[in-house]
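To start, the structure under review is shown below, and the notes come after it.
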Amino acid sequence: MRTRPAAALGSCVAAFALLAAVPVVQAQQTAPAARAGAGGNVAAAKPQAVDWAQRFAAQCAACHGANGRSEQPLTPVLAGQPSLYAATQLFLFREGRRNNEAMTAVAKTLSDADLRGFSDFIGTLPPVAAPPAATPPDATRMAQGRALADQHKCLFCHGAALEGGQQVPRIAGQHEDYLKDSLRGFHSGQRPGYTQAMTAAVSQIPPADLDLLAYFVARIPGR
């Protein structure tokens, strides 16, 4: 479902590296002011540590769940997502490139340091399995979905267990309704990514097969 050209990966790594450099730049900018005390004495104050777990609980958990697994079918599961992927999505929301009113309202208030802090914390959340289904997965639909995932390189890009990594999201166990919505968005071109890779890949899938693929992905155990 997502190709991994070297240029795309390089651009994402560069963007994340820029976020990672923010604390260093801020420290360099504040150092001269700290040395400007009376008599040349250094009066530097240590920056106050940010409790990102607390900020996540206050700003994100109501929708995404305290452990990163939301109960809302159209709200994505964050548990198990790579920090680089999380940083990229927050950036896209902040810059208005992804369209979601609630997320844009939150993200537009975030500094680069905030983006890095939240994404680093999200990257520490372990995967959380979906609650047991009322009925077992339909074996025929699972087999058909796996065949589609093989055919369209989902398992190649997202991993054999769809666990993701770096700039590629974990999609195993994601909410089925969210997966359907995302796949349709990529298929129509309305859902932007940081590259055109997903749009190019999903546009090749017949619309009738999108729901079947979402059915399989939502139910694959992952790891």
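Lettering and numbering for the structure tokens are positional, with chains as A, B, ... in the shown order, residues counted from 1 in each chain, and ligands counted from 1 in the shown order.
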Please list as a PDB file with N, CA and C atoms, in the first residue's frame every residue within 8 Å of Pro76 in chain A, counting only C-alpha atoms and excluding residues in the same chain fewer than 6 positions away.
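Full text of part_35.pdb as output:
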ATOM      1  N   HIS A  64      -8.210   9.616  21.653  1.00  0.00           N
ATOM      2  CA  HIS A  64      -7.357   8.506  21.214  1.00  0.00           C
ATOM      3  C   HIS A  64      -7.165   7.421  22.267  1.00  0.00           C
ATOM      4  N   ARG A  69      -5.238   3.473  22.323  1.00  0.00           N
ATOM      5  CA  ARG A  69      -6.229   2.732  21.519  1.00  0.00           C
ATOM      6  C   ARG A  69      -7.600   3.357  21.736  1.00  0.00           C
ATOM      7  N   SER A  70      -8.054   4.091  20.748  1.00  0.00           N
ATOM      8  CA  SER A  70      -9.336   4.773  20.844  1.00  0.00           C
ATOM      9  C   SER A  70     -10.479   3.772  20.737  1.00  0.00           C
ATOM     10  N   GLN A 174      -5.882  -1.756  13.179  1.00  0.00           N
ATOM     11  CA  GLN A 174      -6.479  -0.417  13.126  1.00  0.00           C
ATOM     12  C   GLN A 174      -7.997  -0.547  12.977  1.00  0.00           C
ATOM     13  N   HIS A 175      -8.748   0.458  13.379  1.00  0.00           N
ATOM     14  CA  HIS A 175     -10.201   0.410  13.255  1.00  0.00           C
ATOM     15  C   HIS A 175     -10.604   0.227  11.793  1.00  0.00           C
ATOM     16  N   TYR A 178     -12.019   3.374  10.132  1.00  0.00           N
ATOM     17  CA  TYR A 178     -10.965   4.346   9.838  1.00  0.00           C
ATOM     18  C   TYR A 178     -10.163   3.905   8.614  1.00  0.00           C
TER      19      TYR A 178
END
For this session: May I have all residues of range 57-220 of chain A that DSSP, computed from the backbone, assigns to alpha helix (DSSP H), given as a ChimeraX atom specification?
Result: /A:57-59,61-64,83-94,101-107,112-122,139-151,154-158,176-188,197-202,207-219
Exercise. So which residues touch range 199-213 of chain A within 10 Å, counting only C-alpha atoms, skipping near sequence neighbours fewer than 2 positions away, as a ChimeraX atom specification?
Worked result: /A:1-3,141-149,151-154,176-177,179-193,195-197,215-218
Compile the contact shell of Ala129 in chain A as a compact mmCIF listing (two decimals) with N, CA and C atoms, in the first residue's frame: residues with an atom at most 12 Å away, counting only C-alpha atoms, same-chain residues fewer than 4 positions apart removed.
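The resulting file, result30.txt, is shown below:
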# COMPACT_ATOMS: atom_id res chain seq x y z
N ASN A 67 -4.37 4.71 26.61
CA ASN A 67 -3.27 3.83 26.20
C ASN A 67 -2.99 3.93 24.71
N GLY A 68 -3.64 4.87 24.03
CA GLY A 68 -3.42 5.06 22.60
C GLY A 68 -4.37 4.27 21.72
N ARG A 69 -5.24 3.47 22.32
CA ARG A 69 -6.23 2.73 21.52
C ARG A 69 -7.60 3.36 21.74
N SER A 70 -8.05 4.09 20.75
CA SER A 70 -9.34 4.77 20.84
C SER A 70 -10.48 3.77 20.74
N VAL A 77 -6.04 4.44 15.95
CA VAL A 77 -5.26 3.89 17.06
C VAL A 77 -3.84 4.43 16.95
N LEU A 78 -3.34 5.03 18.03
CA LEU A 78 -1.97 5.55 18.05
C LEU A 78 -1.00 4.57 18.68
N ALA A 79 -1.50 3.65 19.49
CA ALA A 79 -0.62 2.68 20.16
C ALA A 79 0.15 1.87 19.12
N GLY A 80 1.47 1.85 19.27
CA GLY A 80 2.31 1.09 18.36
C GLY A 80 2.77 1.87 17.13
N ALA A 133 -13.43 -10.08 19.09
CA ALA A 133 -14.62 -9.88 18.25
C ALA A 133 -15.74 -10.82 18.69
N ILE A 171 -0.61 -0.59 10.70
CA ILE A 171 -2.03 -0.64 10.34
C ILE A 171 -2.70 -1.91 10.85
N ALA A 172 -1.93 -2.86 11.33
CA ALA A 172 -2.52 -4.08 11.90
C ALA A 172 -3.41 -3.72 13.08
N GLY A 173 -4.64 -4.20 13.06
CA GLY A 173 -5.55 -3.95 14.18
C GLY A 173 -6.13 -2.55 14.22
N GLN A 174 -5.88 -1.76 13.18
CA GLN A 174 -6.48 -0.42 13.13
C GLN A 174 -8.00 -0.55 12.98
N HIS A 175 -8.75 0.46 13.38
CA HIS A 175 -10.20 0.41 13.25
C HIS A 175 -10.60 0.23 11.79
N ALA A 218 -7.78 -4.89 9.51
CA ALA A 218 -8.30 -4.64 10.86
C ALA A 218 -8.25 -5.89 11.73
N ARG A 219 -8.19 -7.06 11.11
CA ARG A 219 -8.28 -8.31 11.87
C ARG A 219 -6.98 -9.10 11.94
N ILE A 220 -5.96 -8.65 11.20
CA ILE A 220 -4.69 -9.35 11.27
C ILE A 220 -4.10 -9.15 12.67
N PRO A 221 -3.61 -10.20 13.31
CA PRO A 221 -3.17 -10.08 14.70
C PRO A 221 -2.03 -9.09 14.90
N GLY A 222 -1.12 -8.99 13.93
CA GLY A 222 0.04 -8.10 14.14
C GLY A 222 0.96 -8.67 15.21
N ARG A 223 1.92 -7.82 15.60
CA ARG A 223 2.84 -8.23 16.67
C ARG A 223 3.46 -6.99 17.29
